[in-house]
Amino acid sequence: MSLIQKIEHIGIAVRDLEAANTLYEKLLGVAPYKQEAVASESVITSFFRTGDQKIELLASTDAQGPIGKFIAKRGEGIHHIAFEVADIQAELKRLEAEGFQLIHTKPKKGADNKWVAFIHPKSTNGVLVELCQEMN
């Protein structure tokens, strides 16, 4: 049984957060509703909401951080797809039992008031998958 409820957001790696904010504000017709630093990931995030969907822009604060390395290797673009789950611990156990390679076996604090954990793209056809659960 899947505990995945919906696509929570799509994460996009960007070099210049200010420029990307301007671009996506023009594209989506809305301003970002939140900007937040996540020190553990060496990023500053900016969130846009359009309808029920969200876009997360991620700018690196450290060239050696995950987003800095991603941009150096692949350039700007889609970094991950995030799914909302009802119980992140149970979903991690379920997915590990199904043979998925987990980057995180325990959730950690992420942006936008979420618990997060990632699944390695080697086990998801090259797509970095993030699981998100609202913090209570």
# chains A, B, ... in the order shown; residues from 1 in each chain; ligands from 1
$ select_by_dssp --residues "chain A" --states "strand (DSSP E or B)" --output "count of residues only"
56
$ residues_around --residues "stretch 54-65 of chain A" --least-positions-apart "6" --cutoff "8 Å" --atoms "only C-alpha atoms" --output "list in words"
Glu8, His9, Ile10, Gly11, Ile12, Ala13, Val14, Arg15, Asp16, Leu17, Ala20, Asn21, Glu41, Ser42, Val43, Ile44, Thr45, Ser46, Phe47 and Phe48 of chain A
$ write_last_selection --atoms "C-alpha atoms" --output "PDB file, in the first residue's frame"
ATOM      1  CA  GLU A   8       4.315  18.080  -3.223  1.00  0.00           C
ATOM      2  CA  HIS A   9       6.679  20.168  -5.357  1.00  0.00           C
ATOM      3  CA  ILE A  10       9.264  20.165  -8.105  1.00  0.00           C
ATOM      4  CA  GLY A  11      12.737  21.358  -7.112  1.00  0.00           C
ATOM      5  CA  ILE A  12      14.737  23.398  -9.624  1.00  0.00           C
ATOM      6  CA  ALA A  13      18.443  24.164  -9.152  1.00  0.00           C
ATOM      7  CA  VAL A  14      19.393  27.737 -10.077  1.00  0.00           C
ATOM      8  CA  ARG A  15      22.621  29.738 -10.056  1.00  0.00           C
ATOM      9  CA  ASP A  16      21.115  33.129  -9.212  1.00  0.00           C
ATOM     10  CA  LEU A  17      18.068  33.054  -6.937  1.00  0.00           C
ATOM     11  CA  ALA A  20      15.292  33.020 -11.064  1.00  0.00           C
ATOM     12  CA  ASN A  21      12.684  34.547  -8.737  1.00  0.00           C
ATOM     13  CA  GLU A  41      21.879  21.437   2.593  1.00  0.00           C
ATOM     14  CA  SER A  42      23.819  24.667   1.901  1.00  0.00           C
ATOM     15  CA  VAL A  43      20.898  26.210   0.015  1.00  0.00           C
ATOM     16  CA  ILE A  44      18.512  29.094  -0.011  1.00  0.00           C
ATOM     17  CA  THR A  45      15.094  28.067  -1.262  1.00  0.00           C
ATOM     18  CA  SER A  46      12.281  30.090  -2.749  1.00  0.00           C
ATOM     19  CA  PHE A  47       8.764  28.667  -3.033  1.00  0.00           C
ATOM     20  CA  PHE A  48       6.050  29.522  -5.544  1.00  0.00           C
TER      21      PHE A  48
END
$ residues_around --residues "stretch 95-100 of chain A" --least-positions-apart "5" --cutoff "8 Å" --atoms "only C-alpha atoms" --output "PyMOL selection string"
chain A and resi 119-120+123-124
$ closest_residue --among "A:His79, A:Lys106, A:Lys34, A:Lys6" --to "A:Leu92" --atoms "only C-alpha atoms"
A:Lys106
$ closest_residue --among "A:Glu36, A:Asp52, A:Glu25, A:Glu134" --to "A:Ala86" --atoms "only C-alpha atoms"
A:Glu134
$ residues_around --residues "A:Gly110" --least-positions-apart "3" --cutoff "9 Å" --atoms "only C-alpha atoms" --output "NGL selection string"
:A and (38 or 40-41 or 107 or 113-117 or 132)
$ write_last_selection --atoms "N, CA, C and O atoms" --output "PDB file, in the first residue's frame"
ATOM      1  N   VAL A  38      18.363  26.695   4.212  1.00  0.00           N
ATOM      2  CA  VAL A  38      18.471  25.370   4.825  1.00  0.00           C
ATOM      3  C   VAL A  38      19.968  25.085   4.935  1.00  0.00           C
ATOM      4  O   VAL A  38      20.602  24.619   3.987  1.00  0.00           O
ATOM      5  N   SER A  40      21.747  22.895   6.521  1.00  0.00           N
ATOM      6  CA  SER A  40      22.222  21.513   6.399  1.00  0.00           C
ATOM      7  C   SER A  40      22.422  21.085   4.948  1.00  0.00           C
ATOM      8  O   SER A  40      23.187  20.167   4.667  1.00  0.00           O
ATOM      9  N   GLU A  41      21.751  21.757   4.018  1.00  0.00           N
ATOM     10  CA  GLU A  41      21.879  21.437   2.593  1.00  0.00           C
ATOM     11  C   GLU A  41      22.643  22.518   1.823  1.00  0.00           C
ATOM     12  O   GLU A  41      22.784  22.421   0.602  1.00  0.00           O
ATOM     13  N   PRO A 107      14.108  10.571   8.362  1.00  0.00           N
ATOM     14  CA  PRO A 107      13.811  11.919   7.868  1.00  0.00           C
ATOM     15  C   PRO A 107      14.598  12.974   8.632  1.00  0.00           C
ATOM     16  O   PRO A 107      15.023  12.761   9.768  1.00  0.00           O
ATOM     17  N   ASN A 113       8.638  23.805   6.433  1.00  0.00           N
ATOM     18  CA  ASN A 113       8.027  23.089   7.556  1.00  0.00           C
ATOM     19  C   ASN A 113       7.766  21.617   7.248  1.00  0.00           C
ATOM     20  O   ASN A 113       6.708  21.071   7.552  1.00  0.00           O
ATOM     21  N   LYS A 114       8.748  20.954   6.644  1.00  0.00           N
ATOM     22  CA  LYS A 114       8.592  19.554   6.250  1.00  0.00           C
ATOM     23  C   LYS A 114       9.704  18.683   6.837  1.00  0.00           C
ATOM     24  O   LYS A 114      10.843  19.117   7.008  1.00  0.00           O
ATOM     25  N   TRP A 115       9.345  17.430   7.120  1.00  0.00           N
ATOM     26  CA  TRP A 115      10.322  16.366   7.312  1.00  0.00           C
ATOM     27  C   TRP A 115      10.615  15.836   5.918  1.00  0.00           C
ATOM     28  O   TRP A 115       9.687  15.668   5.113  1.00  0.00           O
ATOM     29  N   VAL A 116      11.878  15.563   5.597  1.00  0.00           N
ATOM     30  CA  VAL A 116      12.232  15.114   4.259  1.00  0.00           C
ATOM     31  C   VAL A 116      13.209  13.943   4.303  1.00  0.00           C
ATOM     32  O   VAL A 116      13.949  13.784   5.268  1.00  0.00           O
ATOM     33  N   ALA A 117      13.199  13.171   3.233  1.00  0.00           N
ATOM     34  CA  ALA A 117      14.171  12.100   3.007  1.00  0.00           C
ATOM     35  C   ALA A 117      14.229  11.874   1.500  1.00  0.00           C
ATOM     36  O   ALA A 117      13.231  12.055   0.800  1.00  0.00           O
ATOM     37  N   CYS A 132       8.192  14.015   1.530  1.00  0.00           N
ATOM     38  CA  CYS A 132       7.930  15.140   2.442  1.00  0.00           C
ATOM     39  C   CYS A 132       6.729  14.816   3.316  1.00  0.00           C
ATOM     40  O   CYS A 132       5.729  14.296   2.830  1.00  0.00           O
TER      41      CYS A 132
END
$ atom_distance --atom1 "atom CA of A:Asp112" --atom2 "atom CA of A:Asn125"
26.6 Å
$ select_by_dssp --residues "stretch 2-136 of chain A" --states "alpha helix (DSSP H)" --output "JSON, numbers by chain"
{"A": [17, 18, 19, 20, 21, 22, 23, 24, 25, 26, 27, 28, 66, 67, 68, 69, 70, 71, 72, 73, 74, 88, 89, 90, 91, 92, 93, 94, 95, 96, 97]}
$ atom_distance --atom1 "atom CA of A:Leu102" --atom2 "atom CA of A:Asp87"
15.8 Å
$ atom_distance --atom1 "atom CA of A:Val85" --atom2 "atom CA of A:Ala39"
23.6 Å
$ closest_atom_pairs --of "stretch 77-128 of chain A" --to "stretch 66-69 of chain A" --cutoff "12 Å" --atoms "only C-alpha atoms" --output "tab-separated table"
residue	atom	partner	partner_atom	distance
A:Gly77	CA	A:Ile67	CA	10.6
A:Ile78	CA	A:Ile67	CA	11.0
A:His79	CA	A:Ile67	CA	8.2
A:His80	CA	A:Ile67	CA	10.8
A:Leu128	CA	A:Pro66	CA	11.9
$ decode --residues "stretch 42-78 of chain A" --atoms "N, CA and C atoms" --output "compact mmCIF listing (two decimals), in the first residue's frame"
# COMPACT_ATOMS: atom_id res chain seq x y z
N SER A 42 23.08 23.56 2.52
CA SER A 42 23.82 24.67 1.90
C SER A 42 23.04 25.31 0.76
N VAL A 43 21.75 25.60 1.03
CA VAL A 43 20.90 26.21 0.01
C VAL A 43 20.03 27.31 0.60
N ILE A 44 19.61 28.17 -0.29
CA ILE A 44 18.51 29.09 -0.01
C ILE A 44 17.41 28.69 -0.98
N THR A 45 16.22 28.50 -0.44
CA THR A 45 15.09 28.07 -1.26
C THR A 45 14.09 29.21 -1.42
N SER A 46 13.36 29.14 -2.49
CA SER A 46 12.28 30.09 -2.75
C SER A 46 11.11 29.28 -3.28
N PHE A 47 9.93 29.46 -2.67
CA PHE A 47 8.76 28.67 -3.03
C PHE A 47 7.69 29.50 -3.72
N PHE A 48 7.17 28.94 -4.81
CA PHE A 48 6.05 29.52 -5.54
C PHE A 48 4.88 28.55 -5.46
N ARG A 49 3.69 29.09 -5.34
CA ARG A 49 2.48 28.25 -5.36
C ARG A 49 1.61 28.74 -6.51
N THR A 50 1.16 27.80 -7.30
CA THR A 50 0.20 28.09 -8.35
C THR A 50 -0.84 26.99 -8.31
N GLY A 51 -2.05 27.34 -7.88
CA GLY A 51 -3.08 26.33 -7.64
C GLY A 51 -2.63 25.45 -6.49
N ASP A 52 -2.75 24.14 -6.67
CA ASP A 52 -2.30 23.19 -5.65
C ASP A 52 -0.83 22.81 -5.82
N GLN A 53 -0.18 23.35 -6.83
CA GLN A 53 1.19 22.96 -7.15
C GLN A 53 2.19 23.95 -6.59
N LYS A 54 3.40 23.42 -6.28
CA LYS A 54 4.48 24.27 -5.80
C LYS A 54 5.75 24.02 -6.61
N ILE A 55 6.51 25.08 -6.77
CA ILE A 55 7.84 25.02 -7.37
C ILE A 55 8.81 25.52 -6.31
N GLU A 56 9.91 24.79 -6.11
CA GLU A 56 10.95 25.19 -5.18
C GLU A 56 12.21 25.51 -5.98
N LEU A 57 12.67 26.74 -5.91
CA LEU A 57 13.95 27.11 -6.50
C LEU A 57 15.02 26.91 -5.44
N LEU A 58 16.15 26.34 -5.84
CA LEU A 58 17.24 26.05 -4.91
C LEU A 58 18.53 26.68 -5.41
N ALA A 59 19.09 27.59 -4.62
CA ALA A 59 20.37 28.22 -4.96
C ALA A 59 21.39 27.81 -3.91
N SER A 60 22.55 27.40 -4.34
CA SER A 60 23.59 26.94 -3.43
C SER A 60 24.27 28.10 -2.71
N THR A 61 24.57 27.87 -1.45
CA THR A 61 25.37 28.85 -0.69
C THR A 61 26.81 28.36 -0.57
N ASP A 62 27.11 27.18 -1.14
CA ASP A 62 28.43 26.57 -1.07
C ASP A 62 28.64 25.72 -2.32
N ALA A 63 29.67 26.04 -3.07
CA ALA A 63 29.95 25.31 -4.31
C ALA A 63 30.13 23.81 -4.08
N GLN A 64 30.51 23.42 -2.86
CA GLN A 64 30.69 22.01 -2.55
C GLN A 64 29.44 21.36 -1.95
N GLY A 65 28.36 22.14 -1.79
CA GLY A 65 27.10 21.59 -1.31
C GLY A 65 26.40 20.81 -2.41
N PRO A 66 25.32 20.10 -2.07
CA PRO A 66 24.63 19.27 -3.06
C PRO A 66 24.16 20.03 -4.31
N ILE A 67 23.59 21.21 -4.13
CA ILE A 67 23.10 21.97 -5.29
C ILE A 67 24.27 22.56 -6.07
N GLY A 68 25.29 23.04 -5.37
CA GLY A 68 26.49 23.55 -6.04
C GLY A 68 27.12 22.49 -6.93
N LYS A 69 27.24 21.27 -6.40
CA LYS A 69 27.81 20.16 -7.18
C LYS A 69 26.91 19.78 -8.34
N PHE A 70 25.60 19.78 -8.10
CA PHE A 70 24.64 19.44 -9.16
C PHE A 70 24.77 20.41 -10.33
N ILE A 71 24.79 21.71 -10.03
CA ILE A 71 24.88 22.73 -11.08
C ILE A 71 26.22 22.63 -11.81
N ALA A 72 27.31 22.39 -11.07
CA ALA A 72 28.63 22.26 -11.72
C ALA A 72 28.65 21.08 -12.69
N LYS A 73 27.97 20.00 -12.35
CA LYS A 73 27.97 18.79 -13.17
C LYS A 73 26.93 18.83 -14.29
N ARG A 74 25.72 19.32 -13.98
CA ARG A 74 24.60 19.21 -14.92
C ARG A 74 24.03 20.54 -15.39
N GLY A 75 24.40 21.62 -14.70
CA GLY A 75 23.82 22.92 -15.02
C GLY A 75 22.49 23.12 -14.31
N GLU A 76 21.89 24.25 -14.55
CA GLU A 76 20.60 24.55 -13.93
C GLU A 76 19.52 23.63 -14.49
N GLY A 77 18.48 23.42 -13.68
CA GLY A 77 17.36 22.64 -14.18
C GLY A 77 16.69 21.85 -13.07
N ILE A 78 15.80 20.96 -13.48
CA ILE A 78 15.06 20.16 -12.51
C ILE A 78 16.04 19.32 -11.69
